[in-house]
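Next comes data.pdb, a file with PDB, C-alpha atoms.
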```pdb
ATOM      1  CA  MET A   1      43.334   1.591  36.819
ATOM      2  CA  LYS A   2      39.872   0.801  38.187
ATOM      3  CA  LYS A   3      39.136   1.379  41.856
ATOM      4  CA  GLN A   4      39.420  -1.837  43.888
ATOM      5  CA  SER A   5      36.290  -3.045  45.687
ATOM      6  CA  THR A   6      36.591  -4.421  49.218
ATOM      7  CA  PHE A   7      33.473  -6.575  48.758
ATOM      8  CA  MET A   8      35.419  -9.836  48.603
ATOM      9  CA  ALA A   9      37.331  -8.847  51.745
ATOM     10  CA  TRP A  10      34.009  -8.876  53.602
ATOM     11  CA  VAL A  11      33.434 -12.425  52.366
ATOM     12  CA  THR A  12      36.967 -13.752  52.850
ATOM     13  CA  ARG A  13      37.068 -12.494  56.434
ATOM     14  CA  MET A  14      33.930 -14.424  57.418
ATOM     15  CA  PRO A  15      35.999 -17.506  58.422
ATOM     16  CA  LEU A  16      37.717 -15.324  61.045
ATOM     17  CA  ILE A  17      34.459 -14.637  62.883
ATOM     18  CA  LYS A  18      33.921 -17.232  65.591
ATOM     19  CA  ARG A  19      30.394 -18.321  66.447
ATOM     20  CA  TRP A  20      29.252 -19.374  69.930
ATOM     21  CA  SER A  21      32.177 -17.363  71.282
ATOM     22  CA  LEU A  22      30.769 -17.097  74.818
ATOM     23  CA  MET A  23      30.359 -20.854  75.138
ATOM     24  CA  HIS A  24      32.652 -23.811  75.454
ATOM     25  CA  CYS A  25      32.409 -25.764  72.194
ATOM     26  CA  PHE A  26      33.633 -29.243  71.434
ATOM     27  CA  GLN A  27      33.861 -28.238  67.774
ATOM     28  CA  GLU A  28      34.473 -24.597  66.892
ATOM     29  CA  GLU A  29      32.439 -23.019  64.126
ATOM     30  CA  ASN A  30      32.964 -19.819  62.157
ATOM     31  CA  VAL A  31      30.489 -17.621  60.299
ATOM     32  CA  SER A  32      31.597 -18.879  56.897
ATOM     33  CA  GLU A  33      31.000 -22.525  57.851
ATOM     34  CA  HIS A  34      27.651 -21.628  59.379
ATOM     35  CA  SER A  35      26.566 -19.664  56.302
ATOM     36  CA  HIS A  36      27.465 -22.566  54.028
ATOM     37  CA  GLN A  37      25.381 -24.969  56.105
ATOM     38  CA  VAL A  38      22.435 -22.539  56.226
ATOM     39  CA  SER A  39      22.714 -22.196  52.448
ATOM     40  CA  VAL A  40      22.512 -25.970  51.921
ATOM     41  CA  ILE A  41      19.540 -26.284  54.289
ATOM     42  CA  ALA A  42      17.712 -23.301  52.719
ATOM     43  CA  HIS A  43      18.190 -24.821  49.273
ATOM     44  CA  LEU A  44      16.854 -28.181  50.482
ATOM     45  CA  LEU A  45      13.872 -26.618  52.263
ATOM     46  CA  THR A  46      12.957 -24.688  49.121
ATOM     47  CA  VAL A  47      13.155 -27.797  46.935
ATOM     48  CA  ILE A  48      10.917 -29.654  49.409
ATOM     49  CA  ARG A  49       8.433 -26.761  49.455
ATOM     50  CA  ASN A  50       8.302 -26.633  45.647
ATOM     51  CA  LYS A  51       8.050 -30.397  45.099
ATOM     52  CA  ARG A  52       5.661 -31.285  47.906
ATOM     53  CA  TYR A  53       3.751 -28.167  48.949
ATOM     54  CA  GLY A  54       3.102 -26.156  45.796
ATOM     55  CA  GLY A  55       5.854 -23.610  46.313
ATOM     56  CA  ASN A  56       7.412 -21.622  43.494
ATOM     57  CA  LEU A  57      10.550 -20.130  45.033
ATOM     58  CA  ASN A  58      13.968 -20.387  43.407
ATOM     59  CA  PRO A  59      16.135 -22.762  45.497
ATOM     60  CA  GLU A  60      19.340 -21.220  44.149
ATOM     61  CA  LYS A  61      18.225 -17.740  45.213
ATOM     62  CA  ALA A  62      17.394 -19.041  48.692
ATOM     63  CA  ALA A  63      20.879 -20.545  48.881
ATOM     64  CA  VAL A  64      22.583 -17.312  47.809
ATOM     65  CA  ILE A  65      20.608 -15.226  50.298
ATOM     66  CA  ALA A  66      21.677 -17.684  52.992
ATOM     67  CA  ILE A  67      25.339 -17.383  51.971
ATOM     68  CA  TYR A  68      25.169 -13.645  52.647
ATOM     69  CA  HIS A  69      22.714 -13.620  55.578
ATOM     70  CA  GLU A  70      25.455 -13.006  58.184
ATOM     71  CA  ILE A  71      27.624 -10.631  56.115
ATOM     72  CA  SER A  72      27.190  -7.895  58.737
ATOM     73  CA  GLU A  73      29.090 -10.048  61.238
ATOM     74  CA  THR A  74      32.299  -9.287  59.328
ATOM     75  CA  LYS A  75      32.005  -5.877  61.004
ATOM     76  CA  LEU A  76      29.935  -6.661  64.096
ATOM     77  CA  GLN A  77      31.087 -10.160  65.157
ATOM     78  CA  ASP A  78      28.640 -12.872  66.201
ATOM     79  CA  MET A  79      26.203 -11.785  68.891
ATOM     80  CA  ASN A  80      24.804 -14.286  71.392
ATOM     81  CA  SER A  81      21.063 -14.575  70.705
ATOM     82  CA  LYS A  82      20.165 -14.260  74.404
ATOM     83  CA  THR A  83      21.913 -10.889  74.381
ATOM     84  CA  LYS A  84      20.633  -9.842  70.955
ATOM     85  CA  TYR A  85      17.009 -10.466  71.907
ATOM     86  CA  HIS A  86      17.309  -9.452  75.579
ATOM     87  CA  SER A  87      14.961  -6.491  75.179
ATOM     88  CA  PRO A  88      13.053  -4.820  72.314
ATOM     89  CA  GLU A  89      15.261  -1.746  72.627
ATOM     90  CA  PHE A  90      18.489  -3.725  72.393
ATOM     91  CA  THR A  91      17.140  -5.794  69.487
ATOM     92  CA  ALA A  92      16.102  -2.685  67.561
ATOM     93  CA  ALA A  93      19.483  -1.054  68.159
ATOM     94  CA  PHE A  94      21.378  -4.137  67.036
ATOM     95  CA  LYS A  95      19.172  -4.587  63.950
ATOM     96  CA  LYS A  96      19.987  -0.980  63.053
ATOM     97  CA  LEU A  97      23.716  -1.734  63.335
ATOM     98  CA  GLU A  98      23.275  -4.807  61.135
ATOM     99  CA  ASP A  99      21.460  -2.718  58.527
ATOM    100  CA  ILE A 100      24.232  -0.095  58.539
ATOM    101  CA  ALA A 101      26.863  -2.814  58.062
ATOM    102  CA  GLU A 102      24.887  -4.482  55.248
ATOM    103  CA  GLN A 103      24.445  -1.143  53.471
ATOM    104  CA  GLU A 104      28.160  -0.460  53.879
ATOM    105  CA  CYS A 105      29.007  -3.840  52.364
ATOM    106  CA  LEU A 106      26.619  -3.200  49.457
ATOM    107  CA  LYS A 107      28.288   0.151  48.740
ATOM    108  CA  THR A 108      31.691  -1.514  48.374
ATOM    109  CA  LEU A 109      30.458  -3.005  45.098
ATOM    110  CA  PRO A 110      30.782  -1.077  41.831
ATOM    111  CA  GLU A 111      27.674   1.061  41.429
ATOM    112  CA  ASP A 112      26.369  -0.824  38.392
ATOM    113  CA  LEU A 113      26.356  -4.111  40.374
ATOM    114  CA  GLN A 114      24.700  -2.861  43.566
ATOM    115  CA  GLY A 115      21.154  -3.352  42.269
ATOM    116  CA  GLU A 116      21.839  -7.053  41.698
ATOM    117  CA  PHE A 117      22.981  -7.522  45.307
ATOM    118  CA  SER A 118      20.636  -5.238  47.237
ATOM    119  CA  ASP A 119      18.014  -7.923  47.945
ATOM    120  CA  LEU A 120      20.706 -10.500  48.758
ATOM    121  CA  LEU A 121      22.909  -8.547  51.181
ATOM    122  CA  VAL A 122      20.533  -6.100  52.858
ATOM    123  CA  GLN A 123      18.185  -8.178  54.993
ATOM    124  CA  LYS A 124      15.370  -5.622  55.068
ATOM    125  CA  ASN A 125      15.268  -5.864  51.253
ATOM    126  CA  VAL A 126      14.976  -9.673  51.174
ATOM    127  CA  ASP A 127      11.592 -10.975  50.008
ATOM    128  CA  ALA A 128       9.562 -12.203  53.001
ATOM    129  CA  ASP A 129       9.139 -15.770  51.661
ATOM    130  CA  TYR A 130      12.882 -16.181  51.138
ATOM    131  CA  LYS A 131      13.584 -14.553  54.472
ATOM    132  CA  SER A 132      11.371 -17.076  56.292
ATOM    133  CA  ILE A 133      13.083 -20.013  54.558
ATOM    134  CA  VAL A 134      16.563 -18.693  55.406
ATOM    135  CA  LYS A 135      15.544 -17.985  59.002
ATOM    136  CA  ALA A 136      14.199 -21.538  59.319
ATOM    137  CA  ALA A 137      17.460 -22.869  57.870
ATOM    138  CA  ASP A 138      19.415 -20.710  60.322
ATOM    139  CA  ILE A 139      17.503 -22.183  63.268
ATOM    140  CA  LEU A 140      17.925 -25.718  61.929
ATOM    141  CA  ALA A 141      21.685 -25.197  61.510
ATOM    142  CA  ALA A 142      21.886 -24.050  65.132
ATOM    143  CA  TYR A 143      19.875 -27.123  66.136
ATOM    144  CA  ILE A 144      22.260 -29.449  64.295
ATOM    145  CA  LYS A 145      25.208 -27.727  65.961
ATOM    146  CA  THR A 146      23.475 -28.261  69.306
ATOM    147  CA  LEU A 147      22.879 -31.964  68.647
ATOM    148  CA  ASN A 148      26.544 -32.390  67.794
ATOM    149  CA  GLU A 149      27.687 -30.651  70.972
ATOM    150  CA  LEU A 150      25.282 -32.697  73.101
ATOM    151  CA  ARG A 151      26.503 -35.884  71.423
ATOM    152  CA  PHE A 152      29.873 -35.152  73.043
ATOM    153  CA  ASN A 153      28.224 -34.466  76.420
ATOM    154  CA  ASN A 154      28.688 -30.696  76.241
ATOM    155  CA  ASP A 155      25.983 -29.631  78.677
ATOM    156  CA  GLU A 156      26.533 -25.954  77.814
ATOM    157  CA  PHE A 157      24.177 -26.651  74.917
ATOM    158  CA  LEU A 158      21.342 -28.110  77.011
ATOM    159  CA  HIS A 159      19.744 -24.676  77.423
ATOM    160  CA  VAL A 160      20.279 -23.967  73.699
ATOM    161  CA  LYS A 161      18.250 -27.060  72.782
ATOM    162  CA  GLU A 162      15.577 -26.078  75.310
ATOM    163  CA  GLY A 163      15.276 -22.734  73.538
ATOM    164  CA  LEU A 164      15.352 -24.172  70.013
ATOM    165  CA  ASP A 165      12.797 -26.973  70.516
ATOM    166  CA  PRO A 166       9.764 -24.641  70.780
ATOM    167  CA  ARG A 167      11.060 -22.462  67.944
ATOM    168  CA  ILE A 168      11.217 -25.482  65.648
ATOM    169  CA  GLU A 169       7.738 -26.597  66.746
ATOM    170  CA  LYS A 170       6.471 -23.135  65.828
ATOM    171  CA  LEU A 171       8.194 -23.288  62.430
ATOM    172  CA  ILE A 172       6.554 -26.661  61.719
ATOM    173  CA  GLU A 173       3.120 -25.038  62.168
ATOM    174  CA  THR A 174       3.658 -22.743  59.167
ATOM    175  CA  LEU A 175       6.410 -24.441  57.144
ATOM    176  CA  PRO A 176       5.656 -28.126  56.462
ATOM    177  CA  GLU A 177       9.046 -28.440  54.769
ATOM    178  CA  VAL A 178      10.652 -27.982  58.194
ATOM    179  CA  LYS A 179       8.768 -31.034  59.500
ATOM    180  CA  ASP A 180       9.990 -33.012  56.491
ATOM    181  CA  PHE A 181      13.558 -31.911  57.209
ATOM    182  CA  MET A 182      13.242 -32.946  60.852
ATOM    183  CA  ASP A 183      11.652 -36.297  59.936
ATOM    184  CA  VAL A 184      14.045 -37.232  57.128
ATOM    185  CA  PHE A 185      17.366 -35.443  57.598
ATOM    186  CA  CYS A 186      17.931 -34.006  61.053
ATOM    187  CA  ASN A 187      18.778 -36.992  63.228
ATOM    188  CA  SER A 188      21.228 -38.379  60.680
ATOM    189  CA  CYS A 189      23.298 -35.171  60.858
ATOM    190  CA  THR A 190      25.221 -36.681  63.769
ATOM    191  CA  THR A 191      25.875 -39.978  62.009
ATOM    192  CA  THR A 192      29.426 -41.298  62.386
ATOM    193  CA  PHE A 193      31.765 -41.495  59.396
ATOM    194  CA  ASP A 194      31.565 -45.295  59.318
ATOM    195  CA  LYS A 195      27.779 -45.107  58.952
ATOM    196  CA  ILE A 196      27.612 -42.146  56.571
ATOM    197  CA  SER A 197      26.990 -44.249  53.472
ATOM    198  CA  GLY A 198      23.999 -45.935  55.046
TER     199      GLY A 198
END
```
What does the file become when written as structure tokens?
Amino acid sequence: MKKQSTFMAWVTRMPLIKRWSLMHCFQEENVSEHSHQVSVIAHLLTVIRNKRYGGNLNPEKAAVIAIYHEISETKLQDMNSKTKYHSPEFTAAFKKLEDIAEQECLKTLPEDLQGEFSDLLVQKNVDADYKSIVKAADILAAYIKTLNELRFNNDEFLHVKEGLDPRIEKLIETLPEVKDFMDVFCNSCTTTFDKISG
């Protein structure tokens, strides 16, 4: 009998990891839901880049990288970004923990499959262009979450929006596809069900 891999256990436990755990949320969100949304946004951003701005990235690859971009949180939980980026020393230490967890997840796969997953699971191995798209999608997903919380008058997210606004402005300077996303898709993310069909 072949040795069982625990790789899928890493994936199937992602819904158990709560995001925004230090904040009151009108609508709870888990890492699996977040990763799905980041995947959809990364795919869309890549299509926009390719169609409108001369890009040549694979949208499906961007989506798959996004699916796995938080795999380390299966072991480490979700870390509040204010804490994670509190100081260079703390950031470096936490990034090291993330890398260890990603490498551990990779090693759960059968050896002959690990090469296919190395640049999807282990963030330091992800191509820089894909990494920037997924990071932009990650920020946009957090922004959409923030808009939804603010729509229900959850003022805990006021400071989150204040922090995200300049980050998105900075992204727009280098990634025109982010501006397109903001102009065409972002505000409608909070549309009510009755208006969803236009």
Note to self: Just want the 8 Å neighbourhood of Glu33 of chain A, counted on all atoms listed in the file, with same-chain residues fewer than 4 positions away dropped. Output as a count of residues only.
What the structure shows: 3
| said: List as a count of residues only the protein and nucleic acid residues near Arg13 of chain A, meaning an atom at most 10 Å away when all atoms listed in the file are counted, but skip any in the same chain fewer than 4 places from it. | reply: 9
Distance query Lys161 of chain A at most 12 Å, all atoms listed in the file, self and fewer than 2 positions along chain excluded, as a list of chain:residue names: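 Surrounding residues, per the criterion: A:Ile139, A:Leu140, A:Ala141, A:Ala142, A:Tyr143, A:Ile144, A:Lys145, A:Thr146, A:Leu147, A:Asn148, A:Glu149, A:Leu150, A:Asn154, A:Asp155, A:Glu156, A:Phe157, A:Leu158, A:His159, A:Gly163, A:Leu164, A:Asp165, A:Pro166, A:Arg167, A:Ile168.
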Computed interatomic separation between atom CA of Ile41 of chain A and atom CA of Phe152 of chain A (Å):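 Interatomic distance, atom CA of Ile41 of chain A to atom CA of Phe152 of chain A: 23.2 Å.
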(message) To test your reading of the syntax: which residues would the PyMOL selection byres ((chain A and resi 94) around 12) return for the file shown? Reply as a VMD selection string.
(response) chain A and resid 72 to 73 76 to 81 83 to 93 95 to 101
What separates atom CA of Phe117 of chain A and atom CA of Lys61 of chain A is a distance of 11.3 Å
Pairwise distance, atom CA of Thr191 of chain A with atom CA of His36 of chain A, equals 19.2 Å
Item to complete: Anything within 10 Å of (30.1, -4.0, 48.4): list those residues as JSON, numbers by chain, counting only C-alpha atoms and sticking to the file's coordinates.
Response: {"A": [5, 6, 7, 8, 9, 10, 11, 102, 103, 104, 105, 106, 107, 108, 109, 110, 111, 113, 114, 117, 118, 121]}
- Excluding Val184 of chain A and residues on its chain fewer than 5 positions from it, collect all residues at most 12 Å away from it, counting all atoms listed in the file, and give them as a ChimeraX atom specification. /A:44-45,48,177-179,189
Between A:Leu22, A:Ala137, A:Leu175, A:Val40, which has the minimum distance to Lys82 of chain A (counting all atoms listed in the file)?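 Selected residue with least distance to Lys82 of chain A: A:Leu22.
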What residues come out when you apply the PyMOL selection byres ((chain A and resi 134) around 8) to this file, written as a compact mmCIF listing (two decimals) with C-alpha atoms, keeping the file's coordinate frame?
```
# COMPACT_ATOMS: atom_id res chain seq x y z
CA VAL A 38 22.44 -22.54 56.23
CA SER A 39 22.71 -22.20 52.45
CA ALA A 42 17.71 -23.30 52.72
CA ALA A 62 17.39 -19.04 48.69
CA ILE A 65 20.61 -15.23 50.30
CA ALA A 66 21.68 -17.68 52.99
CA HIS A 69 22.71 -13.62 55.58
CA TYR A 130 12.88 -16.18 51.14
CA LYS A 131 13.58 -14.55 54.47
CA SER A 132 11.37 -17.08 56.29
CA ILE A 133 13.08 -20.01 54.56
CA LYS A 135 15.54 -17.98 59.00
CA ALA A 136 14.20 -21.54 59.32
CA ALA A 137 17.46 -22.87 57.87
CA ASP A 138 19.42 -20.71 60.32
```
Padding 3 Å on each side, edges along x, y and z: where is the centre of the box around the listed atoms of segment 54-59 of chain A, and how long are its edges in Å to one decimal? Output it as lines of an AutoDock Vina configuration file.
```
center_x = 9.6
center_y = -23.1
center_z = 44.9
size_x = 19.0
size_y = 12.0
size_z = 8.9
```
Run the PyMOL selection byres ((chain A and resi 59) around 7) mentally over the shown coordinates, then write out the matched residues as a list in words, using the chain letters and numbers from the document. His43, Thr46, Val47, Leu57, Asn58, Glu60, Lys61, Ala62 and Ala63 of chain A
Store the residues picked out above in a file with C-alpha atoms, as a PDB file, in the coordinates of the input.
```pdb
ATOM      1  CA  HIS A  43      18.190 -24.821  49.273  1.00  0.00           C
ATOM      2  CA  THR A  46      12.957 -24.688  49.121  1.00  0.00           C
ATOM      3  CA  VAL A  47      13.155 -27.797  46.935  1.00  0.00           C
ATOM      4  CA  LEU A  57      10.550 -20.130  45.033  1.00  0.00           C
ATOM      5  CA  ASN A  58      13.968 -20.387  43.407  1.00  0.00           C
ATOM      6  CA  GLU A  60      19.340 -21.220  44.149  1.00  0.00           C
ATOM      7  CA  LYS A  61      18.225 -17.740  45.213  1.00  0.00           C
ATOM      8  CA  ALA A  62      17.394 -19.041  48.692  1.00  0.00           C
ATOM      9  CA  ALA A  63      20.879 -20.545  48.881  1.00  0.00           C
TER      10      ALA A  63
END
```
